[in-house]
Structures are given as C-alpha cells and as structure tokens.
$ cat start.cif   # mmCIF, C-alpha atoms
data_data
#
loop_
_atom_site.label_atom_id
_atom_site.label_comp_id
_atom_site.auth_asym_id
_atom_site.auth_seq_id
_atom_site.Cartn_x
_atom_site.Cartn_y
_atom_site.Cartn_z
CA MET Y 30 121.06 46.75 75.68
CA THR Y 31 121.36 45.00 79.02
CA ILE Y 32 119.59 45.85 82.27
CA MET Y 33 121.07 45.61 85.77
CA GLN Y 34 119.14 42.48 86.71
CA GLU Y 35 120.73 40.57 83.82
CA LEU Y 36 124.30 41.17 84.97
CA GLY Y 37 126.30 38.45 86.67
CA THR Y 38 128.44 39.16 89.71
CA PRO Y 39 131.01 40.28 90.54
CA THR Y 40 131.24 42.89 87.81
CA ALA Y 41 132.57 46.44 87.54
CA LEU Y 42 129.97 49.17 87.06
CA VAL Y 43 130.53 52.71 85.81
CA ASP Y 44 127.90 55.32 86.62
CA THR Y 45 128.19 57.35 83.41
CA GLN Y 46 126.36 60.40 84.79
CA ARG Y 47 128.83 60.68 87.67
CA MET Y 48 131.76 60.03 85.36
CA GLN Y 49 130.69 62.74 82.93
CA ARG Y 50 130.18 65.18 85.80
CA ASN Y 51 133.70 64.44 87.05
CA ILE Y 52 135.15 64.92 83.57
CA GLU Y 53 133.41 68.25 83.11
CA ARG Y 54 134.39 69.47 86.57
CA MET Y 55 138.09 68.86 85.92
CA GLN Y 56 138.09 70.18 82.36
CA GLU Y 57 136.27 73.36 83.34
CA ARG Y 58 138.79 73.92 86.11
CA MET Y 59 141.75 73.46 83.76
CA ASN Y 60 140.17 75.83 81.25
CA ALA Y 61 139.71 78.43 83.98
CA LEU Y 62 143.34 78.04 85.06
CA GLY Y 63 144.49 78.45 81.46
CA VAL Y 64 146.35 75.16 81.00
CA ARG Y 65 146.08 72.14 78.74
CA PHE Y 66 144.84 68.95 80.32
CA ARG Y 67 146.38 65.54 79.64
CA PRO Y 68 144.43 62.86 81.58
CA HIS Y 69 146.19 59.80 82.95
CA VAL Y 70 144.29 56.90 81.42
CA LYS Y 71 145.80 54.20 83.65
CA THR Y 72 142.75 54.73 85.89
CA SER Y 73 140.24 53.47 83.34
CA LYS Y 74 142.38 51.84 80.62
CA CYS Y 75 139.24 52.22 78.55
CA PRO Y 76 138.92 53.85 75.10
CA SER Y 77 135.30 54.87 75.77
CA VAL Y 78 136.37 56.79 78.87
CA ALA Y 79 139.37 58.38 77.15
CA ARG Y 80 137.22 59.51 74.25
CA ALA Y 81 134.81 61.17 76.68
CA GLN Y 82 137.74 63.01 78.26
CA ILE Y 83 139.04 64.16 74.89
CA ALA Y 84 135.55 65.19 73.77
CA ALA Y 85 135.36 67.44 76.83
CA GLY Y 86 138.61 69.19 75.84
CA ALA Y 87 141.55 67.06 76.97
CA GLN Y 88 144.63 67.21 74.74
CA GLY Y 89 146.61 63.99 74.62
CA ILE Y 90 146.81 61.28 77.25
CA THR Y 91 149.23 59.96 79.87
CA VAL Y 92 150.00 56.24 80.23
CA SER Y 93 152.03 54.21 82.69
CA THR Y 94 153.12 51.33 80.46
CA LEU Y 95 154.21 51.05 76.84
CA LYS Y 96 151.57 48.35 76.42
CA GLU Y 97 148.96 50.98 77.31
CA ALA Y 98 150.57 53.31 74.78
CA GLU Y 99 150.30 50.65 72.07
CA GLN Y 100 146.68 49.89 72.91
CA PHE Y 101 145.52 53.50 73.01
CA PHE Y 102 147.44 54.28 69.82
CA ASP Y 103 145.69 51.36 68.12
CA ALA Y 104 142.42 52.90 69.38
CA GLY Y 105 143.23 56.10 67.49
CA ILE Y 106 144.92 58.34 70.09
CA THR Y 107 148.32 59.59 68.94
CA ASP Y 108 149.52 62.20 71.48
CA ILE Y 109 150.83 60.04 74.33
CA LEU Y 110 153.14 60.66 77.29
CA TYR Y 111 154.72 57.54 78.78
CA ALA Y 112 155.11 58.88 82.31
CA VAL Y 113 157.37 56.22 83.82
CA GLY Y 114 161.16 56.46 83.69
CA MET Y 115 162.58 54.99 80.51
CA VAL Y 116 165.08 52.13 80.63
CA PRO Y 117 167.29 51.13 77.68
CA SER Y 118 165.60 47.73 77.22
CA LYS Y 119 162.31 49.46 76.37
CA LEU Y 120 163.72 51.80 73.74
CA PRO Y 121 163.05 49.41 70.82
CA GLN Y 122 159.37 49.26 71.84
CA ALA Y 123 159.21 53.06 72.06
CA LEU Y 124 160.95 53.36 68.69
CA ALA Y 125 158.46 50.99 67.06
CA LEU Y 126 155.57 53.12 68.30
CA ARG Y 127 157.11 56.33 67.00
CA GLN Y 128 157.89 54.74 63.64
CA ARG Y 129 154.22 53.80 63.33
CA GLY Y 130 153.26 57.47 63.74
CA CYS Y 131 152.65 57.71 67.48
CA ASP Y 132 153.65 61.06 68.95
CA LEU Y 133 155.17 59.32 71.98
CA LYS Y 134 156.99 61.28 74.65
CA ILE Y 135 159.30 59.50 77.09
CA ILE Y 136 160.80 60.63 80.40
CA VAL Y 137 164.15 60.34 82.15
CA ASP Y 138 165.62 61.41 85.48
CA ASN Y 139 169.29 60.41 85.26
CA VAL Y 140 172.33 61.03 83.09
CA ALA Y 141 173.10 57.38 82.34
CA VAL Y 142 169.75 56.68 80.69
CA GLY Y 143 169.83 60.08 79.02
CA ARG Y 144 173.05 58.99 77.29
CA GLU Y 145 171.51 55.65 76.33
CA ILE Y 146 168.51 57.40 74.77
CA GLY Y 147 170.82 59.68 72.81
CA SER Y 148 173.01 56.84 71.56
CA PHE Y 149 170.05 54.66 70.62
CA GLY Y 150 168.29 57.54 68.90
CA LYS Y 151 171.34 58.44 66.82
CA ALA Y 152 171.96 54.80 65.91
CA HIS Y 153 168.38 54.47 64.61
CA GLU Y 154 168.09 57.99 63.19
CA GLU Y 155 165.25 58.80 65.57
CA VAL Y 156 164.81 62.05 67.44
CA PHE Y 157 163.04 61.03 70.64
CA GLU Y 158 161.03 63.66 72.45
CA VAL Y 159 162.22 63.42 76.05
CA TRP Y 160 160.87 65.13 79.16
CA ILE Y 161 162.87 65.34 82.35
CA GLU Y 162 161.13 64.15 85.50
CA ILE Y 163 161.35 66.54 88.44
CA ASP Y 164 160.93 65.64 92.12
CA THR Y 165 158.97 68.40 93.85
CA ASP Y 166 157.91 66.55 97.00
CA GLY Y 167 160.19 63.60 97.73
CA HIS Y 168 157.38 61.21 96.90
CA ARG Y 169 158.98 59.04 94.25
CA SER Y 170 161.20 59.57 91.21
CA GLY Y 171 162.79 62.63 89.67
CA ILE Y 172 165.54 65.22 89.90
CA LYS Y 173 165.14 68.00 92.46
CA PRO Y 174 164.73 71.42 90.82
CA GLU Y 175 168.08 72.75 92.08
CA GLU Y 176 170.19 69.64 91.45
CA ASP Y 177 173.12 69.81 89.03
CA ALA Y 178 171.81 66.63 87.42
CA LEU Y 179 168.97 68.58 85.83
CA LEU Y 180 171.30 70.54 83.56
CA GLU Y 181 173.54 67.51 83.01
CA VAL Y 182 170.67 65.39 81.72
CA ALA Y 183 169.35 68.22 79.58
CA SER Y 184 172.79 68.82 78.05
CA VAL Y 185 173.30 65.13 77.30
CA LEU Y 186 169.98 64.96 75.47
CA HIS Y 187 170.58 68.23 73.61
CA ASP Y 188 174.08 67.28 72.55
CA ALA Y 189 172.84 63.93 71.23
CA GLY Y 190 170.30 65.70 69.02
CA MET Y 191 167.23 64.58 70.95
CA CYS Y 192 164.21 66.86 71.40
CA LEU Y 193 164.10 68.24 74.94
CA GLY Y 194 160.32 68.49 75.19
CA GLY Y 195 159.99 69.81 78.70
CA ILE Y 196 159.76 68.78 82.34
CA MET Y 197 157.12 66.93 84.31
CA THR Y 198 156.40 66.26 87.97
CA HIS Y 199 153.84 64.41 90.05
CA ALA Y 200 152.87 65.55 93.56
CA GLY Y 201 152.02 62.08 94.80
CA SER Y 202 152.48 63.15 98.41
CA SER Y 203 149.21 65.09 98.06
CA TYR Y 204 147.46 61.80 98.86
CA ASP Y 205 148.80 62.11 102.40
CA TYR Y 206 146.76 65.24 103.21
CA ASP Y 207 143.13 65.81 104.04
CA ASN Y 208 142.51 69.53 104.43
CA PRO Y 209 142.28 72.39 101.93
CA ALA Y 210 145.17 74.43 103.35
CA ALA Y 211 147.60 71.53 103.14
CA LEU Y 212 146.45 70.61 99.64
CA LEU Y 213 146.82 74.21 98.50
CA ALA Y 214 150.34 74.30 99.91
CA ILE Y 215 151.45 71.08 98.18
CA ALA Y 216 149.88 72.26 94.92
CA GLU Y 217 151.88 75.48 95.10
CA GLN Y 218 155.04 73.56 96.01
CA GLU Y 219 154.50 71.36 92.94
CA ARG Y 220 153.93 74.35 90.66
CA ALA Y 221 156.83 76.39 91.98
CA GLY Y 222 159.29 73.50 91.79
CA ALA Y 223 158.35 72.65 88.22
CA VAL Y 224 158.55 76.29 87.10
CA ARG Y 225 161.93 76.70 88.82
CA ALA Y 226 163.31 73.65 87.00
CA ALA Y 227 162.08 75.02 83.68
CA GLN Y 228 163.64 78.42 84.41
CA ARG Y 229 167.02 76.83 85.07
CA LEU Y 230 166.89 75.24 81.61
CA TYR Y 231 165.93 78.55 80.01
CA ASP Y 232 168.76 80.32 81.85
CA VAL Y 233 171.39 78.17 80.09
CA GLY Y 234 169.77 78.50 76.68
CA LEU Y 235 167.95 75.18 76.59
CA SER Y 236 164.33 74.81 75.55
CA CYS Y 237 161.52 73.73 77.84
CA PRO Y 238 158.25 74.15 75.95
CA VAL Y 239 156.22 71.96 78.31
CA VAL Y 240 155.91 72.38 82.08
CA SER Y 241 153.65 69.53 83.18
CA VAL Y 242 152.37 68.96 86.71
CA GLY Y 243 149.68 66.81 88.13
CA SER Y 244 147.78 64.75 90.62
CA THR Y 245 144.04 64.75 91.23
CA PRO Y 246 144.30 66.50 94.64
CA THR Y 247 146.63 69.26 93.44
CA ALA Y 248 144.75 69.77 90.18
CA LEU Y 249 141.58 70.39 92.19
CA SER Y 250 143.33 72.55 94.82
CA ALA Y 251 145.70 74.90 92.98
CA GLU Y 252 144.73 78.56 93.10
CA HIS Y 253 146.83 79.44 90.05
CA LEU Y 254 149.21 77.67 87.68
CA ASP Y 255 151.43 80.50 86.50
CA GLY Y 256 154.30 79.12 84.43
CA VAL Y 257 152.66 75.71 83.96
CA THR Y 258 151.53 74.65 80.48
CA GLU Y 259 149.67 71.41 81.23
CA VAL Y 260 148.21 69.31 84.02
CA ARG Y 261 147.86 65.54 84.33
CA ALA Y 262 145.41 63.71 86.60
CA GLY Y 263 143.77 60.30 86.46
CA VAL Y 264 141.66 59.04 89.34
CA TYR Y 265 139.33 62.06 89.18
CA VAL Y 266 137.41 60.42 86.33
CA PHE Y 267 135.98 57.79 88.72
CA PHE Y 268 137.15 59.04 92.14
CA ASP Y 269 137.30 56.59 95.05
CA LEU Y 270 137.28 56.35 98.84
CA VAL Y 271 140.89 57.49 99.19
CA MET Y 272 140.00 60.69 97.33
CA ARG Y 273 136.91 61.02 99.51
CA ASN Y 274 139.16 60.93 102.59
CA VAL Y 275 141.60 63.39 101.01
CA GLY Y 276 138.63 65.73 100.67
CA VAL Y 277 138.42 66.36 96.92
CA CYS Y 278 135.19 64.42 96.35
CA THR Y 279 132.22 62.91 98.17
CA VAL Y 280 130.91 59.36 97.96
CA ASP Y 281 128.26 60.73 95.60
CA ASP Y 282 131.02 61.50 93.07
CA ILE Y 283 132.43 57.96 92.98
CA ALA Y 284 131.54 56.56 89.56
CA LEU Y 285 133.09 53.09 89.84
CA SER Y 286 131.65 50.26 91.92
CA VAL Y 287 131.58 46.48 91.98
CA LEU Y 288 128.25 44.70 91.78
CA THR Y 289 128.17 41.69 94.10
CA THR Y 290 125.76 39.09 95.54
CA VAL Y 291 125.30 37.86 99.10
CA ILE Y 292 126.12 34.13 99.07
CA GLY Y 293 126.09 33.22 102.77
CA HIS Y 294 126.26 34.31 106.42
CA GLN Y 295 128.16 33.88 109.68
CA GLU Y 296 125.38 35.21 111.88
CA GLU Y 297 127.23 34.79 115.21
CA LYS Y 298 129.97 37.06 113.86
CA GLY Y 299 127.60 39.51 112.20
CA TRP Y 300 128.93 38.68 108.74
CA ALA Y 301 127.37 38.42 105.32
CA ILE Y 302 129.54 36.70 102.73
CA VAL Y 303 129.58 38.13 99.19
CA ASP Y 304 131.12 36.94 95.93
CA ALA Y 305 133.43 39.95 95.62
CA GLY Y 306 136.80 39.25 97.24
CA TRP Y 307 140.13 40.86 96.52
CA MET Y 308 140.09 39.48 92.97
CA ALA Y 309 137.16 41.82 92.34
CA MET Y 310 138.12 44.73 94.62
CA SER Y 311 141.95 44.43 94.62
CA ARG Y 312 144.12 44.17 97.73
CA ASP Y 313 144.43 47.95 98.00
CA ARG Y 314 143.82 49.16 101.55
CA GLY Y 315 144.54 52.79 100.85
CA THR Y 316 142.06 54.08 103.44
CA GLN Y 317 143.68 52.10 106.27
CA LYS Y 318 146.01 54.95 107.26
CA GLN Y 319 143.44 57.68 106.66
CA ALA Y 320 140.95 59.19 109.07
CA GLN Y 321 138.21 56.75 108.03
CA ASP Y 322 139.03 53.15 107.18
CA PHE Y 323 136.59 51.59 104.72
CA GLY Y 324 138.16 48.14 104.79
CA TYR Y 325 137.99 46.85 101.20
CA GLY Y 326 135.10 49.14 100.26
CA GLN Y 327 131.89 50.96 101.18
CA VAL Y 328 128.70 48.90 100.86
CA CYS Y 329 125.76 50.33 98.89
CA THR Y 330 122.40 49.06 97.72
CA GLU Y 331 122.13 47.70 94.20
CA ASP Y 332 120.91 51.09 93.00
CA GLY Y 333 123.85 52.87 94.61
CA LYS Y 334 122.51 54.20 97.93
CA VAL Y 335 125.23 54.18 100.61
CA LEU Y 336 124.52 51.87 103.55
CA GLU Y 337 126.15 53.82 106.35
CA GLY Y 338 128.24 51.75 108.74
CA TYR Y 339 128.51 48.70 106.47
CA ILE Y 340 131.83 47.95 104.80
CA LEU Y 341 133.62 45.08 103.12
CA SER Y 342 135.74 44.43 106.19
CA ALA Y 343 137.78 41.47 104.93
CA ALA Y 344 138.46 39.69 101.67
CA ASN Y 345 139.77 36.39 100.43
CA GLN Y 346 140.39 35.65 96.78
CA GLU Y 347 136.74 35.26 95.74
CA HIS Y 348 134.91 35.88 99.05
CA GLY Y 349 134.26 39.19 100.75
CA VAL Y 350 133.10 39.73 104.33
CA LEU Y 351 130.40 42.36 104.74
CA SER Y 352 129.98 43.62 108.30
CA ARG Y 353 128.94 46.62 110.31
CA THR Y 354 131.57 48.81 111.92
CA GLY Y 355 131.38 48.84 115.70
CA GLU Y 356 128.81 46.49 117.23
CA PRO Y 357 128.23 43.34 115.09
CA ASP Y 358 124.87 43.13 113.33
CA ARG Y 359 123.36 39.90 114.67
CA SER Y 360 120.42 40.27 112.28
CA ILE Y 361 122.71 40.43 109.25
CA ALA Y 362 121.01 37.45 107.54
CA GLU Y 363 117.64 39.16 107.81
CA ARG Y 364 118.98 42.48 106.54
CA PHE Y 365 120.96 40.93 103.69
CA PRO Y 366 119.32 37.63 102.64
CA ILE Y 367 121.16 35.26 100.33
CA GLY Y 368 120.75 36.56 96.79
CA THR Y 369 120.77 40.25 97.80
CA ARG Y 370 122.71 42.29 95.25
CA LEU Y 371 124.86 45.19 96.42
CA ARG Y 372 127.45 47.61 95.14
CA ILE Y 373 130.86 48.15 96.74
CA LEU Y 374 132.67 51.47 96.28
CA PRO Y 375 136.45 50.95 95.97
CA ASN Y 376 139.38 52.32 97.93
CA HIS Y 377 141.43 52.84 94.78
CA ALA Y 378 139.65 53.06 91.44
CA CYS Y 379 142.79 52.32 89.40
CA ALA Y 380 143.47 49.09 91.27
CA THR Y 381 139.87 47.89 91.27
CA GLY Y 382 139.36 48.64 87.59
CA THR Y 383 142.46 46.63 86.73
CA GLN Y 384 140.81 43.50 88.18
CA HIS Y 385 138.15 43.50 85.42
CA PRO Y 386 138.34 42.95 81.64
CA GLU Y 387 135.39 45.25 80.96
CA TYR Y 388 133.06 47.77 82.54
CA GLN Y 389 129.29 47.68 82.53
CA ALA Y 390 128.43 51.32 81.86
CA VAL Y 391 125.15 52.34 83.48
CA LEU Y 392 123.52 54.91 81.22
CA PRO Y 393 121.18 57.70 82.40
CA ASP Y 394 118.12 55.74 81.23
CA GLY Y 395 119.15 52.72 83.30
CA ASN Y 396 120.26 50.62 80.35
CA ILE Y 397 123.76 49.20 80.32
CA GLU Y 398 126.50 49.12 77.69
CA THR Y 399 129.60 46.95 77.85
CA TRP Y 400 132.80 48.98 77.62
CA PRO Y 401 135.90 46.87 76.97
CA ARG Y 402 139.01 47.95 78.84
CA PHE Y 403 142.63 47.11 78.22
CA TYR Y 404 143.57 44.15 80.36
CA GLY Y 405 147.11 43.17 81.29
CA TRP Y 406 150.45 44.87 81.06
#
$ encode --input "start.cif" --output "structure tokens"
Amino acid sequence: MTIMQELGTPTALVDTQRMQRNIERMQERMNALGVRFRPHVKTSKCPSVARAQIAAGAQGITVSTLKEAEQFFDAGITDILYAVGMVPSKLPQALALRQRGCDLKIIVDNVAVGREIGSFGKAHEEVFEVWIEIDTDGHRSGIKPEEDALLEVASVLHDAGMCLGGIMTHAGSSYDYDNPAALLAIAEQERAGAVRAAQRLYDVGLSCPVVSVGSTPTALSAEHLDGVTEVRAGVYVFFDLVMRNVGVCTVDDIALSVLTTVIGHQEEKGWAIVDAGWMAMSRDRGTQKQAQDFGYGQVCTEDGKVLEGYILSAANQEHGVLSRTGEPDRSIAERFPIGTRLRILPNHACATGTQHPEYQAVLPDGNIETWPRFYGW
C-alpha cells in the first residue's frame, strides 16, 4: 500500500468513500423509480469503478468507443451498449466483438446506415442488435420522436433480419440548466419523447423492448419514469464542478481531484505556480458559461478541504496558475510556499480522468491503491 506523501505530482486521486456514496445514491434512486441502470463508463474508463457500479446493482454498461467496448469486454463485462452512431467502417470491429461473445448493442439514427448494417449483417450471417437514437431536446444526434425517419429506419432493420432492440436518447441539454424546476421539465421532456417514439414503433407492429434515457442531471431529477426500461448516466460516479453548478451535487460529492505541487510564484501578480497544467486538468472550461466560473478547477488542501476563493485560473501545458478570485493575494508565497501540495477539483471529470493512465484510489483508512484505467481511444 502507498500513502499520500509517497505520491508524485501531478496525479489523479479518487476519494473512494465519495465515489461509493455517489454510486449508492444513483442506484437507490433507479431502484426506487423501477428501472434498470446502465452506467456510462467513459467517465472513469476503469474496471475497478465499473465493478463497483455493477456490484451495487447496475446491469450492463455504456461506452463511447469500440476500443472501450473491447477493453471492458476483456475485463469480463459482456453486456455493452456502444452509444455513438454506427458508421459502416466500424462494422467489422463490432462484428469481431460479437463473434467473441460480447453482447454488443449498436445505435443508428438514419436510413442509409441502417441499410448498411442490414447488408453487412446478412453478408456475415450476423444478427446485430440495433437501437435507434432519438433526439428529445435538440442537443446532438438522433431522430425526433414524430419524424417519418423513425419508422423508416426501424423497417429497414426489421426487413434485413436485424434485431430491433429498442430506442435510446440523451438529454444533454440538461447541462444548460441550474434549477430544480428546469431540470424536472427537461427530464420529463426526455422521458415523454422516448416513450412516444417507442409507442410509434409498437403501433406499426414493431418491437421496442428497451426504452433507454439518460444524463446525470435528468436521472437525479425525474419524478417518475413511466414507460422507460433503463437509465444511463456517467459523470455522477465522480461528479465535478459543472454538475455542482447544475445543482445536482455539492463540492463535497466530487470524488475526483488532481494532486499537485506548488513550484513557484509571481508575487506581484498574486500567483502561485503549480505542476498541474492542462495536461493534468484538461482544457475543459465547462464552468465558464455557468453562474460560477472555476477557471480550470477549485483549489483544495492536500487532504481535500476547499480553499474558498482560490482557483486554478490559467493553465499552460504543464504549468497551472493558482490565484484568488477578486483582489490578488500579494502574500501568496507565504500562504502557499514552494513544495505545498494541493488538490484541484475538475470542471469535467470525464475530461480530466482521460488525461491520466491510472487513478490513485484513496481508501477509507488513508492508504492508497493504484487503479489502472483504459488510456487512449
């Protein structure tokens, strides 16, 4: 076992007590709402985290690349949804996974690719399980619930002998809100749109066994999920400052941080320089357009206590600038001497985690385990 003082910097830390509390909070909510839960593991890309989610009751996982699907399948997880629109060039990779025994689901939101999936599947004697992506909020991809294309895609897949597994949607626009009433409304919009799309398939005699919705804000805001069979969410496992600003967590729920060391000062500017730049934190500035801008991250003591008013205000590749919001701290060198170790809470846990090949998991007794994570695409 390692202890904190033995760790080099910068390094990614996971507070396992907070993480487990987040996992249990979400799973208990899904159980109460009567739906299956399929976590999106792109946030952690870590088998240890995924196993904790499954141990708590999750059923299957969601991934955002086929490389992730391969890695998690190799780690022993078989029920996998690849939740990014399929393109024909990736079908051989998806086929190889299924032929190895992976219960891989793929998604589509247009007729042309639906035809390609059908043709490829027939040519290789493979019945792909395909879900249709639905757009319930104009955020990104998908077919609107009332569009003719929904039935066209479904018919193309059915006629080609593919398995029409269901529909899925992602209320990504929920990240744009910051009050309970608005989050409740977008959660209901997501649910109602997905259920309406499924009903249209049922009305023409097509199957739709899965109705899958999900985002962390809507999963934690929905009052009911009538007609939905499963929920997907990812960032909840660590949370981050964007989610704090959305209003679905507090800083005390954020389980991921970056350990860093003060390496210098610009006293006339009120700066302390740390060894965590954007290569450690990522370039994500997701809080910039929210009510409170945390720069590149919230500064905390080495043991995790928030230092109010101090943020990572700027970042170069390997250097971060720590400063106080408002009036510059001219005594910054005295407050943060060279060698001081700090933690930085991230804007976006998914982006920050991706900068690191492993996590240092801080256990309840203070000891630390190294948790490898999948690195690369």
$ residues_around --input "start.cif" --residues "Pro39 (chain Y)" --least-positions-apart "3" --cutoff "12 Å" --atoms "only C-alpha atoms" --output "MDAnalysis selection string"
chainID Y and resid 36 42 286:292 303:310 347:349 370:373 381 384:389
$ residues_around --input "start.cif" --residues "region 185-190 of chain Y" --least-positions-apart "4" --cutoff "7 Å" --atoms "all atoms listed in the file" --output "list in words"
Gly143, Arg144, Gly147, Val156 and Glu181 of chain Y
$ closest_residue --input "start.cif" --among "Y:Val142, Y:Leu179, Y:Val271, Y:Leu249" --to "Tyr204 (chain Y)" --atoms "all atoms listed in the file"
Y:Val271
$ resolve_selection --input "start.cif" --expression "the PyMOL selection byres ((chain Y and resi 391) around 10)" --output "PyMOL selection string"
chain Y and resi 31-33+42-46+284+388-390+392-399
$ closest_residue --input "start.cif" --among "Y:Ala152, Y:Ile196, Y:Gly201, Y:Leu124" --to "His168 (chain Y)" --atoms "all atoms listed in the file"
Y:Gly201
$ residues_around --input "start.cif" --residues "Trp300 (chain Y)" --least-positions-apart "4" --cutoff "7 Å" --atoms "all atoms listed in the file" --output "PDB file with C-alpha atoms, in the frame of the given file"
ATOM      1  CA  HIS Y 294     126.260  34.310 106.420  1.00  0.00           C
ATOM      2  CA  GLN Y 295     128.160  33.880 109.680  1.00  0.00           C
ATOM      3  CA  GLU Y 296     125.380  35.210 111.880  1.00  0.00           C
ATOM      4  CA  VAL Y 350     133.100  39.730 104.330  1.00  0.00           C
ATOM      5  CA  LEU Y 351     130.400  42.360 104.740  1.00  0.00           C
ATOM      6  CA  SER Y 352     129.980  43.620 108.300  1.00  0.00           C
ATOM      7  CA  ILE Y 361     122.710  40.430 109.250  1.00  0.00           C
TER       8      ILE Y 361
END
$ residues_around --input "start.cif" --residues "His253 (chain Y)" --least-positions-apart "2" --cutoff "7 Å" --atoms "all atoms listed in the file" --output "MDAnalysis selection string"
chainID Y and resid 62 251 255
$ atom_distance --input "start.cif" --atom1 "CA of Ala84 (chain Y)" --atom2 "CA of Ile52 (chain Y)"
9.8 Å
$ atom_distance --input "start.cif" --atom1 "CA of Leu212 (chain Y)" --atom2 "CA of Lys173 (chain Y)"
20.2 Å
$ closest_residue --input "start.cif" --among "Y:Leu180, Y:Leu95, Y:Leu270, Y:Ile215" --to "Tyr231 (chain Y)" --atoms "only C-alpha atoms"
Y:Leu180
$ residues_around --input "start.cif" --residues "Val264 (chain Y)" --least-positions-apart "3" --cutoff "9 Å" --atoms "all atoms listed in the file" --output "list in words"
His69, Val70, Lys71, Thr72, Ser73, Ser244, Thr245, Phe267, Phe268, Asp269, Met272, His377, Ala378 and Cys379 of chain Y
$ closest_residue --input "start.cif" --among "Y:Gly293, Y:Gly150, Y:Gly171, Y:Gly382" --to "Ile367 (chain Y)" --atoms "all atoms listed in the file"
Y:Gly293
$ decode --input "start.cif" --residues "region 322-333 of chain Y" --atoms "N, CA, C and O atoms" --output "compact mmCIF listing (two decimals), in the first residue's frame"
# COMPACT_ATOMS: atom_id res chain seq x y z
N ASP Y 322 -17.68 30.62 -12.34
CA ASP Y 322 -16.57 30.15 -13.15
C ASP Y 322 -15.42 29.74 -12.24
O ASP Y 322 -14.90 30.55 -11.47
N PHE Y 323 -15.02 28.48 -12.33
CA PHE Y 323 -13.94 27.96 -11.50
C PHE Y 323 -12.61 27.90 -12.26
O PHE Y 323 -11.69 27.22 -11.81
N GLY Y 324 -12.51 28.60 -13.38
CA GLY Y 324 -11.27 28.55 -14.15
C GLY Y 324 -11.01 27.13 -14.61
O GLY Y 324 -11.85 26.51 -15.26
N TYR Y 325 -9.84 26.59 -14.26
CA TYR Y 325 -9.50 25.20 -14.59
C TYR Y 325 -9.73 24.27 -13.41
O TYR Y 325 -9.44 23.07 -13.50
N GLY Y 326 -10.23 24.80 -12.28
CA GLY Y 326 -10.52 23.92 -11.16
C GLY Y 326 -10.49 24.64 -9.83
O GLY Y 326 -9.89 25.70 -9.67
N GLN Y 327 -11.17 24.04 -8.84
CA GLN Y 327 -11.24 24.56 -7.47
C GLN Y 327 -10.06 24.03 -6.67
O GLN Y 327 -9.78 22.83 -6.65
N VAL Y 328 -9.36 24.93 -5.98
CA VAL Y 328 -8.20 24.56 -5.19
C VAL Y 328 -8.63 24.07 -3.80
O VAL Y 328 -9.50 24.68 -3.16
N CYS Y 329 -8.00 22.98 -3.37
CA CYS Y 329 -8.25 22.40 -2.04
C CYS Y 329 -6.91 22.09 -1.38
O CYS Y 329 -5.87 22.02 -2.05
N THR Y 330 -6.94 21.90 -0.08
CA THR Y 330 -5.76 21.44 0.63
C THR Y 330 -5.44 20.01 0.21
O THR Y 330 -6.24 19.32 -0.44
N GLU Y 331 -4.28 19.53 0.61
CA GLU Y 331 -3.89 18.16 0.25
C GLU Y 331 -4.87 17.13 0.78
O GLU Y 331 -5.10 16.09 0.16
N ASP Y 332 -5.49 17.42 1.92
CA ASP Y 332 -6.45 16.47 2.48
C ASP Y 332 -7.88 16.71 2.00
O ASP Y 332 -8.82 16.08 2.48
N GLY Y 333 -8.05 17.64 1.05
CA GLY Y 333 -9.34 17.79 0.39
C GLY Y 333 -10.23 18.91 0.87
O GLY Y 333 -11.35 19.06 0.38
